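Quick look at protein.txt (compact mmCIF, C-alpha atoms):
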# COMPACT_ATOMS: atom_id res chain seq x y z
CA MET A 23 -8.21 -18.87 3.29
CA LYS A 24 -4.87 -20.43 2.42
CA PRO A 25 -1.64 -19.05 3.91
CA LEU A 26 0.41 -16.64 1.81
CA ASN A 27 4.04 -17.59 1.17
CA ILE A 28 6.38 -14.77 0.15
CA GLY A 29 9.68 -16.58 -0.14
CA ASN A 30 10.17 -18.16 3.27
CA ARG A 31 7.94 -15.62 5.01
CA ILE A 32 4.58 -17.25 5.68
CA ALA A 33 1.45 -15.33 6.69
CA ASP A 34 -1.39 -17.47 8.06
CA LEU A 35 -3.86 -15.30 6.17
CA PRO A 36 -3.41 -14.02 2.58
CA ILE A 37 -4.22 -10.47 3.68
CA ILE A 38 -1.74 -7.62 3.41
CA GLN A 39 -2.54 -4.30 5.06
CA GLY A 40 -1.51 -1.71 2.50
CA GLY A 41 1.01 0.93 3.47
CA MET A 42 -0.60 4.34 4.02
CA GLY A 43 1.46 7.51 4.41
CA VAL A 44 1.95 10.00 5.83
CA GLY A 45 1.85 8.19 9.17
CA ILE A 46 -1.50 6.41 8.73
CA SER A 47 0.02 2.92 8.98
CA LEU A 48 2.83 2.79 11.50
CA ALA A 49 3.76 0.29 14.22
CA GLY A 50 0.32 0.31 15.85
CA LEU A 51 -1.69 -0.82 12.83
CA ALA A 52 1.02 -2.99 11.28
CA SER A 53 1.62 -5.01 14.46
CA ALA A 54 -2.12 -5.49 15.05
CA VAL A 55 -2.60 -6.93 11.55
CA ALA A 56 0.47 -9.15 11.90
CA ASN A 57 -0.84 -10.47 15.21
CA GLU A 58 -4.00 -11.64 13.44
CA GLY A 59 -2.03 -13.61 10.85
CA GLY A 60 -1.87 -11.06 8.03
CA ILE A 61 1.08 -8.95 6.89
CA GLY A 62 1.26 -5.57 8.58
CA VAL A 63 2.92 -2.78 6.63
CA ILE A 64 4.58 0.44 7.81
CA ALA A 65 4.47 3.26 5.24
CA THR A 66 7.77 5.12 4.89
CA ALA A 67 6.55 8.10 2.84
CA GLY A 68 6.98 11.22 4.96
CA ILE A 69 7.54 9.17 8.11
CA GLY A 70 10.10 11.70 9.32
CA MET A 71 7.54 14.52 9.20
CA LEU A 72 6.48 13.44 12.69
CA GLU A 73 9.97 14.05 14.10
CA PRO A 74 10.74 17.40 15.83
CA ASP A 75 13.68 18.10 13.49
CA SER A 76 11.92 17.14 10.25
CA PHE A 77 12.50 20.57 8.67
CA SER A 78 16.09 21.04 9.76
CA ASN A 79 17.31 17.46 9.40
CA PHE A 80 14.90 15.72 7.01
CA LEU A 81 17.04 12.76 5.89
CA GLU A 82 18.20 11.75 9.34
CA ALA A 83 14.72 12.28 10.80
CA ASN A 84 13.25 9.84 8.28
CA VAL A 85 15.86 7.17 8.95
CA ARG A 86 15.38 7.54 12.71
CA ALA A 87 11.59 7.44 12.49
CA LEU A 88 11.56 4.34 10.30
CA ARG A 89 14.03 2.56 12.55
CA ASN A 90 11.92 3.38 15.62
CA GLU A 91 8.65 2.25 14.03
CA ILE A 92 10.06 -1.10 12.91
CA ARG A 93 11.47 -1.71 16.38
CA LYS A 94 8.19 -0.75 18.07
CA ALA A 95 6.25 -3.06 15.76
CA LYS A 96 8.62 -5.96 16.44
CA GLN A 97 8.14 -5.49 20.17
CA LYS A 98 4.39 -5.94 19.67
CA THR A 99 4.30 -8.92 17.31
CA GLN A 100 6.07 -12.05 16.15
CA GLY A 101 4.08 -11.93 12.90
CA VAL A 102 5.13 -10.90 9.41
CA LEU A 103 5.97 -7.20 8.97
CA GLY A 104 6.65 -5.19 5.84
CA VAL A 105 7.43 -1.66 4.76
CA ASN A 106 6.12 0.24 1.75
CA ILE A 107 8.86 2.33 0.11
CA MET A 108 7.96 4.49 -2.89
CA VAL A 109 10.51 4.50 -5.70
CA ALA A 110 9.76 8.20 -6.18
CA LEU A 111 11.14 9.08 -2.74
CA SER A 112 14.34 11.06 -3.01
CA ASN A 113 15.61 9.12 0.03
CA PHE A 114 14.57 5.74 -1.44
CA GLY A 115 17.97 4.16 -0.91
CA ASP A 116 18.20 5.31 2.71
CA MET A 117 14.77 3.85 3.48
CA VAL A 118 15.58 0.49 1.88
CA ARG A 119 18.92 0.16 3.64
CA THR A 120 17.38 1.09 6.99
CA ALA A 121 14.58 -1.46 6.60
CA VAL A 122 17.12 -4.16 5.73
CA GLU A 123 19.32 -3.24 8.71
CA GLU A 124 16.27 -3.59 10.97
CA LYS A 125 15.59 -7.03 9.46
CA ILE A 126 12.15 -6.23 8.06
CA ASP A 127 10.46 -9.26 6.51
CA VAL A 128 9.13 -7.76 3.27
CA ILE A 129 9.75 -4.61 1.22
CA PHE A 130 6.87 -3.48 -1.01
CA SER A 131 7.88 -0.88 -3.58
CA GLY A 132 5.89 1.04 -6.18
CA ALA A 133 5.20 4.60 -7.38
CA GLY A 134 7.74 3.93 -10.10
CA LEU A 135 9.65 0.87 -11.28
CA PRO A 136 12.02 -0.42 -8.55
CA LEU A 137 14.54 -1.67 -11.11
CA ASN A 138 17.56 -1.43 -8.80
CA LEU A 139 15.91 -2.59 -5.57
CA PRO A 140 17.82 -5.92 -5.39
CA ALA A 141 21.14 -4.04 -5.51
CA LEU A 142 20.22 -2.31 -2.24
CA VAL A 143 19.46 -5.60 -0.48
CA GLN A 144 22.80 -7.34 -0.51
CA LYS A 145 22.45 -9.99 2.20
CA SER A 146 21.19 -13.37 1.09
CA GLY A 147 17.92 -14.24 2.80
CA ALA A 148 17.31 -10.64 3.81
CA ALA A 149 14.01 -8.85 3.23
CA LYS A 150 11.76 -10.32 0.56
CA LEU A 151 11.21 -7.96 -2.37
CA VAL A 152 7.76 -7.26 -3.78
CA PRO A 153 7.29 -4.68 -6.56
CA ILE A 154 3.91 -2.96 -6.95
CA VAL A 155 2.75 -2.66 -10.56
CA SER A 156 -0.32 -1.57 -12.49
CA SER A 157 0.12 -3.71 -15.62
CA ALA A 158 1.38 -7.06 -16.86
CA ARG A 159 3.90 -5.19 -19.00
CA ALA A 160 5.46 -3.56 -15.94
CA ALA A 161 5.55 -6.89 -14.10
CA GLY A 162 7.36 -8.57 -16.99
CA LEU A 163 9.81 -5.69 -17.38
CA ILE A 164 10.79 -5.76 -13.70
CA ILE A 165 11.25 -9.54 -13.66
CA ARG A 166 13.44 -9.51 -16.77
CA LYS A 167 15.55 -6.57 -15.51
CA TRP A 168 16.01 -8.13 -12.06
CA LEU A 169 17.03 -11.47 -13.52
CA ALA A 170 19.42 -9.94 -16.05
CA LYS A 171 21.11 -7.45 -13.72
CA HIS A 172 20.82 -9.12 -10.32
CA ASP A 173 19.91 -12.77 -10.92
CA TYR A 174 16.98 -12.12 -8.58
CA CYS A 175 13.32 -12.90 -9.16
CA PRO A 176 10.61 -10.98 -7.27
CA ASP A 177 9.34 -12.88 -4.25
CA ALA A 178 5.79 -11.74 -5.09
CA ILE A 179 4.09 -9.02 -7.13
CA VAL A 180 1.33 -6.66 -6.00
CA VAL A 181 -1.02 -5.56 -8.79
CA GLU A 182 -2.75 -2.30 -7.86
CA GLY A 183 -5.86 -1.40 -9.84
CA PRO A 184 -7.45 2.02 -10.44
CA LEU A 185 -9.83 1.87 -7.44
CA ALA A 186 -6.99 2.33 -4.95
CA GLY A 187 -6.52 5.33 -2.71
CA GLY A 188 -3.65 7.76 -2.97
CA HIS A 189 -1.46 8.08 -6.01
CA LEU A 190 -2.53 5.94 -8.95
CA GLY A 191 -0.35 4.42 -11.65
CA PHE A 192 -2.86 5.23 -14.38
CA LYS A 193 -3.62 8.12 -16.68
CA PRO A 194 -6.80 9.98 -15.70
CA GLU A 195 -8.73 8.58 -18.67
CA GLN A 196 -7.76 5.01 -17.71
CA ILE A 197 -9.14 5.13 -14.17
CA GLY A 198 -12.74 4.44 -15.19
CA ASP A 199 -11.91 2.33 -18.25
CA PRO A 200 -12.96 -1.36 -17.85
CA ASN A 201 -9.88 -2.37 -19.86
CA PHE A 202 -7.76 -1.34 -16.86
CA SER A 203 -9.93 -2.87 -14.14
CA LEU A 204 -8.31 -5.08 -11.51
CA GLU A 205 -10.51 -7.97 -12.69
CA LYS A 206 -8.76 -7.74 -16.06
CA LEU A 207 -5.28 -7.03 -14.71
CA ILE A 208 -4.98 -10.00 -12.35
CA PRO A 209 -5.30 -12.77 -14.98
CA GLU A 210 -2.97 -10.84 -17.27
CA VAL A 211 -0.24 -10.59 -14.63
CA VAL A 212 -0.72 -14.22 -13.56
CA ALA A 213 -0.17 -15.24 -17.20
CA GLU A 214 2.85 -12.94 -17.47
CA VAL A 215 4.67 -14.45 -14.47
CA ARG A 216 3.90 -18.11 -15.23
CA PRO A 217 6.85 -18.68 -17.64
CA PHE A 218 9.23 -17.23 -15.05
CA GLU A 219 7.76 -19.49 -12.36
CA ASP A 220 8.36 -22.49 -14.61
CA GLU A 221 11.89 -21.35 -15.41
CA ARG A 222 12.87 -20.71 -11.78
CA GLY A 223 10.93 -23.64 -10.32
CA ARG A 224 9.11 -21.60 -7.71
CA ALA A 225 5.96 -19.60 -7.28
CA ILE A 226 5.74 -15.83 -7.74
CA PRO A 227 2.53 -15.01 -5.84
CA VAL A 228 0.38 -12.33 -7.46
CA ILE A 229 -1.43 -10.14 -4.93
CA ALA A 230 -4.53 -8.14 -5.85
CA ALA A 231 -4.86 -4.56 -4.58
CA GLY A 232 -7.00 -1.48 -5.14
CA GLY A 233 -10.66 -1.31 -4.16
CA ILE A 234 -10.72 -4.62 -2.28
CA TYR A 235 -13.06 -4.14 0.65
CA THR A 236 -14.79 -7.38 1.66
CA GLY A 237 -13.96 -11.02 2.17
CA SER A 238 -16.08 -11.65 -0.90
CA ASP A 239 -13.73 -9.41 -2.89
CA ILE A 240 -10.76 -11.42 -1.63
CA ARG A 241 -12.37 -14.67 -2.76
CA LYS A 242 -13.23 -13.22 -6.17
CA PHE A 243 -9.65 -12.22 -6.92
CA MET A 244 -8.21 -15.44 -5.56
CA GLU A 245 -10.50 -17.32 -7.92
CA LEU A 246 -9.03 -15.17 -10.73
CA GLY A 247 -5.56 -16.43 -9.82
CA ALA A 248 -4.35 -14.10 -7.05
CA ALA A 249 -2.59 -15.66 -4.06
CA GLY A 250 -3.74 -12.94 -1.71
CA ALA A 251 -5.13 -9.43 -1.36
CA GLN A 252 -3.81 -6.09 -0.19
CA MET A 253 -6.29 -3.83 1.61
CA ALA A 254 -5.69 -0.34 2.94
CA THR A 255 -8.86 1.77 3.15
CA ARG A 256 -10.80 -0.65 5.28
CA PHE A 257 -8.03 -0.73 7.86
CA VAL A 258 -8.40 3.03 8.40
CA GLY A 259 -11.64 2.18 10.17
CA THR A 260 -9.88 0.40 13.03
CA ASP A 261 -8.97 1.33 16.57
CA GLU A 262 -5.32 0.51 15.91
CA CYS A 263 -4.93 2.70 12.81
CA ASP A 264 -2.26 5.27 13.67
CA ALA A 265 -4.23 8.27 12.35
CA SER A 266 -6.17 10.75 14.49
CA PRO A 267 -9.88 10.22 15.29
CA GLU A 268 -10.68 13.20 13.03
CA PHE A 269 -8.96 11.49 10.10
CA LYS A 270 -10.87 8.25 10.67
CA ASN A 271 -14.16 10.11 10.99
CA ALA A 272 -13.57 11.70 7.59
CA PHE A 273 -13.99 8.17 6.21
CA VAL A 274 -17.01 7.37 8.37
CA ASN A 275 -18.73 10.59 7.26
CA ALA A 276 -17.79 10.40 3.56
CA GLY A 277 -20.40 9.72 0.90
CA LYS A 278 -19.76 8.15 -2.48
CA ASP A 279 -19.79 11.57 -4.16
CA ASP A 280 -17.10 12.83 -1.78
CA LEU A 281 -14.45 10.62 -3.40
CA VAL A 282 -12.65 12.56 -6.11
CA ILE A 283 -9.63 12.27 -8.37
CA ILE A 284 -7.15 15.09 -7.84
CA GLU A 285 -4.03 16.20 -9.66
CA SER A 286 -1.15 15.77 -7.24
CA PRO A 287 1.96 18.00 -7.14
CA VAL A 288 4.02 14.86 -7.78
CA GLY A 289 2.57 14.55 -11.27
CA MET A 290 0.19 11.64 -10.72
CA PRO A 291 -3.58 11.46 -10.29
CA GLY A 292 -4.75 10.53 -6.81
CA ARG A 293 -8.01 9.57 -5.11
CA ALA A 294 -8.97 11.55 -2.02
CA ILE A 295 -11.92 12.63 0.13
CA LYS A 296 -13.19 16.00 -1.07
CA ASN A 297 -13.04 18.84 1.42
CA ARG A 298 -12.56 22.60 1.52
CA PHE A 299 -8.78 22.32 1.05
CA ILE A 300 -9.20 20.38 -2.19
CA GLU A 301 -11.95 22.73 -3.40
CA ASP A 302 -9.68 25.72 -2.79
CA ILE A 303 -6.87 24.15 -4.81
CA LYS A 304 -9.25 23.30 -7.62
CA ALA A 305 -10.43 26.92 -7.62
CA GLY A 306 -6.84 28.07 -8.18
CA LYS A 307 -5.96 29.14 -4.65
CA LYS A 308 -2.52 28.53 -3.22
CA LYS A 309 -1.53 27.35 0.24
CA PRO A 310 1.75 29.12 1.04
CA PHE A 311 4.46 26.81 2.31
CA LYS A 312 8.18 26.37 2.73
CA CYS A 313 9.28 23.06 1.24
CA PRO A 314 10.98 21.08 4.06
CA TYR A 315 12.83 18.88 1.57
CA HIS A 316 12.37 17.81 -2.05
CA CYS A 317 11.01 14.48 -0.79
CA ILE A 318 9.41 13.25 -4.05
CA VAL A 319 11.66 13.25 -7.10
CA THR A 320 8.84 14.18 -9.48
CA CYS A 321 7.41 16.99 -7.34
CA LYS A 322 7.56 20.44 -8.93
CA GLN A 323 7.68 22.18 -5.59
CA LYS A 324 8.33 25.67 -6.95
CA ALA A 325 5.21 25.56 -9.14
CA SER A 326 2.98 23.62 -6.75
CA PRO A 327 0.07 25.38 -5.00
CA TYR A 328 0.69 23.35 -1.85
CA CYS A 329 3.10 20.87 -0.24
CA ILE A 330 1.61 17.40 -0.35
CA ALA A 331 3.80 16.16 2.51
CA LEU A 332 2.54 18.93 4.78
CA ALA A 333 -1.06 18.48 3.63
CA LEU A 334 -1.00 14.76 4.42
CA THR A 335 0.74 15.36 7.76
CA ASN A 336 -1.95 17.87 8.72
CA ALA A 337 -4.65 15.36 7.75
CA LEU A 338 -3.00 12.64 9.85
CA LYS A 339 -3.16 14.96 12.86
CA GLY A 340 -6.82 15.83 12.19
CA ARG A 341 -6.14 19.32 10.80
CA LEU A 342 -8.25 18.72 7.70
CA LYS A 343 -8.67 22.44 7.04
CA HIS A 344 -5.02 22.40 6.09
CA GLY A 345 -4.86 19.06 4.28
CA PHE A 346 -6.84 16.11 2.96
CA ALA A 347 -7.17 12.35 3.26
CA PHE A 348 -6.25 9.95 0.47
CA ALA A 349 -8.80 7.13 0.27
CA GLY A 350 -9.84 4.21 -1.91
CA ALA A 351 -12.99 4.08 -4.02
CA ASN A 352 -14.86 2.18 -1.29
CA ALA A 353 -14.05 4.60 1.54
CA TYR A 354 -17.72 5.67 1.69
CA ARG A 355 -18.55 2.15 2.94
CA VAL A 356 -16.62 2.66 6.18
CA ASP A 357 -19.40 3.29 8.71
CA LYS A 358 -17.75 2.52 12.04
CA ILE A 359 -14.44 2.06 13.82
CA MET A 360 -13.66 -1.43 15.10
CA PRO A 361 -10.70 -3.43 16.44
CA VAL A 362 -8.47 -5.11 13.85
CA LYS A 363 -9.34 -8.49 15.37
CA ALA A 364 -13.06 -7.87 14.72
CA LEU A 365 -12.36 -6.70 11.17
CA ILE A 366 -10.37 -9.84 10.37
CA ARG A 367 -13.20 -11.98 11.76
CA GLU A 368 -15.63 -10.10 9.52
CA LEU A 369 -13.44 -10.61 6.45
CA LEU A 370 -13.20 -14.34 7.19
CA ARG A 371 -16.98 -14.58 7.57
CA GLU A 372 -17.56 -12.71 4.30
CA TYR A 373 -15.01 -14.91 2.54
CA GLY A 374 -16.75 -18.04 3.73
CA GLU A 375 -20.23 -16.82 2.87
CA ALA A 376 -19.09 -15.94 -0.66
CA ALA A 377 -18.39 -19.62 -1.32
CA GLY A 378 -22.13 -20.34 -1.41
CA PRO A 379 -23.62 -23.77 -0.69
CA GLN A 380 -21.18 -26.64 -1.17
CA ALA A 381 -22.07 -29.18 -3.84
CA PRO A 382 -22.41 -32.78 -2.60
CA GLU A 383 -19.47 -35.04 -3.31
CA THR A 384 -19.94 -37.74 -5.94
CA GLY A 385 -17.96 -40.76 -7.11
CA ALA A 386 -15.83 -43.29 -5.33
CA ARG A 387 -12.91 -42.25 -3.17
Show this structure as structure tokens.
Amino acid sequence: MKPLNIGNRIADLPIIQGGMGVGISLAGLASAVANEGGIGVIATAGIGMLEPDSFSNFLEANVRALRNEIRKAKQKTQGVLGVNIMVALSNFGDMVRTAVEEKIDVIFSGAGLPLNLPALVQKSGAAKLVPIVSSARAAGLIIRKWLAKHDYCPDAIVVEGPLAGGHLGFKPEQIGDPNFSLEKLIPEVVAEVRPFEDERGRAIPVIAAGGIYTGSDIRKFMELGAAGAQMATRFVGTDECDASPEFKNAFVNAGKDDLVIIESPVGMPGRAIKNRFIEDIKAGKKKPFKCPYHCIVTCKQKASPYCIALALTNALKGRLKHGFAFAGANAYRVDKIMPVKALIRELLREYGEAAGPQAPETGAR
């Protein structure tokens, strides 16, 4: 595998551990991945829910929690660290500014178009900015807006396909449509960014995400033009993942038929592991709650049958009767928990084996 360059941040391996909220990827997992040469990512969504004053002081609790997690991760690694900050967060600006103050290496931002992200990162040479998109059209729109308004070009672009876990940037009918597959999206986005690369005289790495599970998958998408791959689900099955053992075992015990698309209170479809909580919601039951804070701009909290922030926090802690786990389409393939170091070794082996037998060299040197 070739190193991944995002601006002047260089990861020895072109593997990004996807950000998983609420609290699934924090300092523990992110630092472990960074130590192995990949890019470890702390998820900011709902990070303050783990603070004792999350209900009474939501905004400050989130800033404090993010600051603490970045500092803990930096104490554990000298590798490349990132944060995932959803545009849909009502405290989006606070999260970006905090990450920049803590000198995070990379900010990944999706769940909406981060059109004003460069305006929040004012220092030259500060965090590298990587939007997450689900189409070539969105990639082109962001690049043009950033150049016109901020004279800033994305340092890389993550393209997330419909096999990802969590909230999906697709309409329900597009999720199973081959026209929206990651295999089709990657070449389209690579072609979209090429004129901007030529104009600016530098690379804009395109990173494949959503349903990538093996080293063979990484090789396939790199052969389609990607410079690297983002993986989330497979990193749940590691010792260092910050979730509870019960959460991890939900992946180990899941079958292919347990992975379902749900309608989220935030107005987007999402992929999750089916359980009693989800079945109750589908049957029209409500889970009474008091909204701690309108944390997602698009959430219709007054009409929602449950609070997604609380449901995901309960799942993180292993209280799956009161919540559920988001998961990618390949979650059923997780059959054991292993150290991150062993998982990276396995990915490297799979990547190498996918190359097949090498053809003999011919011709004069």
Spatial neighbours of Val55 in chain A, 12 Å, only C-alpha atoms, chain gap at least 5 places, as a VMD selection string:
chain A and resid 33 to 41 47 to 50 60 to 64 95 98 to 104 252 to 254 257 to 258 260 to 263 361 to 367
Which residues of range 95-146 of chain A sit at most 8 Å from range 154-167 of chain A, using all atoms listed in the file? Give each one's shortest atom pair and distance in Å (one decimal place), in chain and ascending residue order, as CSV.
residue,atom,partner,partner_atom,distance
A:Phe130,CA,A:Ile154,CA,6.7
A:Ser131,CA,A:Ile154,CA,5.6
A:Gly132,CA,A:Ile154,CA,4.5
A:Ala133,CA,A:Ile154,CA,7.7
A:Leu135,CA,A:Ile164,CA,7.1
A:Pro136,CA,A:Ile164,CA,7.5
A:Leu137,CA,A:Ile164,CA,6.1
Dump C-alpha atoms for the selected residues as a PDB file, keeping the file's coordinate frame?
ATOM      1  CA  PHE A 130       6.870  -3.480  -1.010  1.00  0.00           C
ATOM      2  CA  SER A 131       7.880  -0.880  -3.580  1.00  0.00           C
ATOM      3  CA  GLY A 132       5.890   1.040  -6.180  1.00  0.00           C
ATOM      4  CA  ALA A 133       5.200   4.600  -7.380  1.00  0.00           C
ATOM      5  CA  LEU A 135       9.650   0.870 -11.280  1.00  0.00           C
ATOM      6  CA  PRO A 136      12.020  -0.420  -8.550  1.00  0.00           C
ATOM      7  CA  LEU A 137      14.540  -1.670 -11.110  1.00  0.00           C
TER       8      LEU A 137
END
Determine, counting only C-alpha atoms, which protein, DNA and RNA residues have an atom within 10 Å of an atom of Ala121 in chain A; residues of the same chain fewer than 2 positions away are not included. Present the result as a JSON list (two decimals) with C-alpha atoms, in the coordinates of the input.
[["chain", "number", "residue", "atom", "x", "y", "z"],
["A", 66, "THR", "CA", 7.77, 5.12, 4.89],
["A", 85, "VAL", "CA", 15.86, 7.17, 8.95],
["A", 88, "LEU", "CA", 11.56, 4.34, 10.30],
["A", 89, "ARG", "CA", 14.03, 2.56, 12.55],
["A", 92, "ILE", "CA", 10.06, -1.10, 12.91],
["A", 104, "GLY", "CA", 6.65, -5.19, 5.84],
["A", 105, "VAL", "CA", 7.43, -1.66, 4.76],
["A", 106, "ASN", "CA", 6.12, 0.24, 1.75],
["A", 107, "ILE", "CA", 8.86, 2.33, 0.11],
["A", 115, "GLY", "CA", 17.97, 4.16, -0.91],
["A", 116, "ASP", "CA", 18.20, 5.31, 2.71],
["A", 117, "MET", "CA", 14.77, 3.85, 3.48],
["A", 118, "VAL", "CA", 15.58, 0.49, 1.88],
["A", 119, "ARG", "CA", 18.92, 0.16, 3.64],
["A", 123, "GLU", "CA", 19.32, -3.24, 8.71],
["A", 124, "GLU", "CA", 16.27, -3.59, 10.97],
["A", 125, "LYS", "CA", 15.59, -7.03, 9.46],
["A", 126, "ILE", "CA", 12.15, -6.23, 8.06],
["A", 127, "ASP", "CA", 10.46, -9.26, 6.51],
["A", 128, "VAL", "CA", 9.13, -7.76, 3.27],
["A", 129, "ILE", "CA", 9.75, -4.61, 1.22],
["A", 143, "VAL", "CA", 19.46, -5.60, -0.48],
["A", 148, "ALA", "CA", 17.31, -10.64, 3.81],
["A", 149, "ALA", "CA", 14.01, -8.85, 3.23]]
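Among A:Gly250, A:Gly232, A:Pro194, A:Pro217, the residue with the shortest atom-to-atom distance to Lys24 in chain A, counting all atoms listed in the file, is A:Gly250.
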One decimal, in Å: what's the spacing between CA of Ile295 in chain A and CA of Lys193 in chain A?
19.3 Å
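CA of Tyr373 in chain A lies 7.6 Å from CA of Thr236 in chain A.
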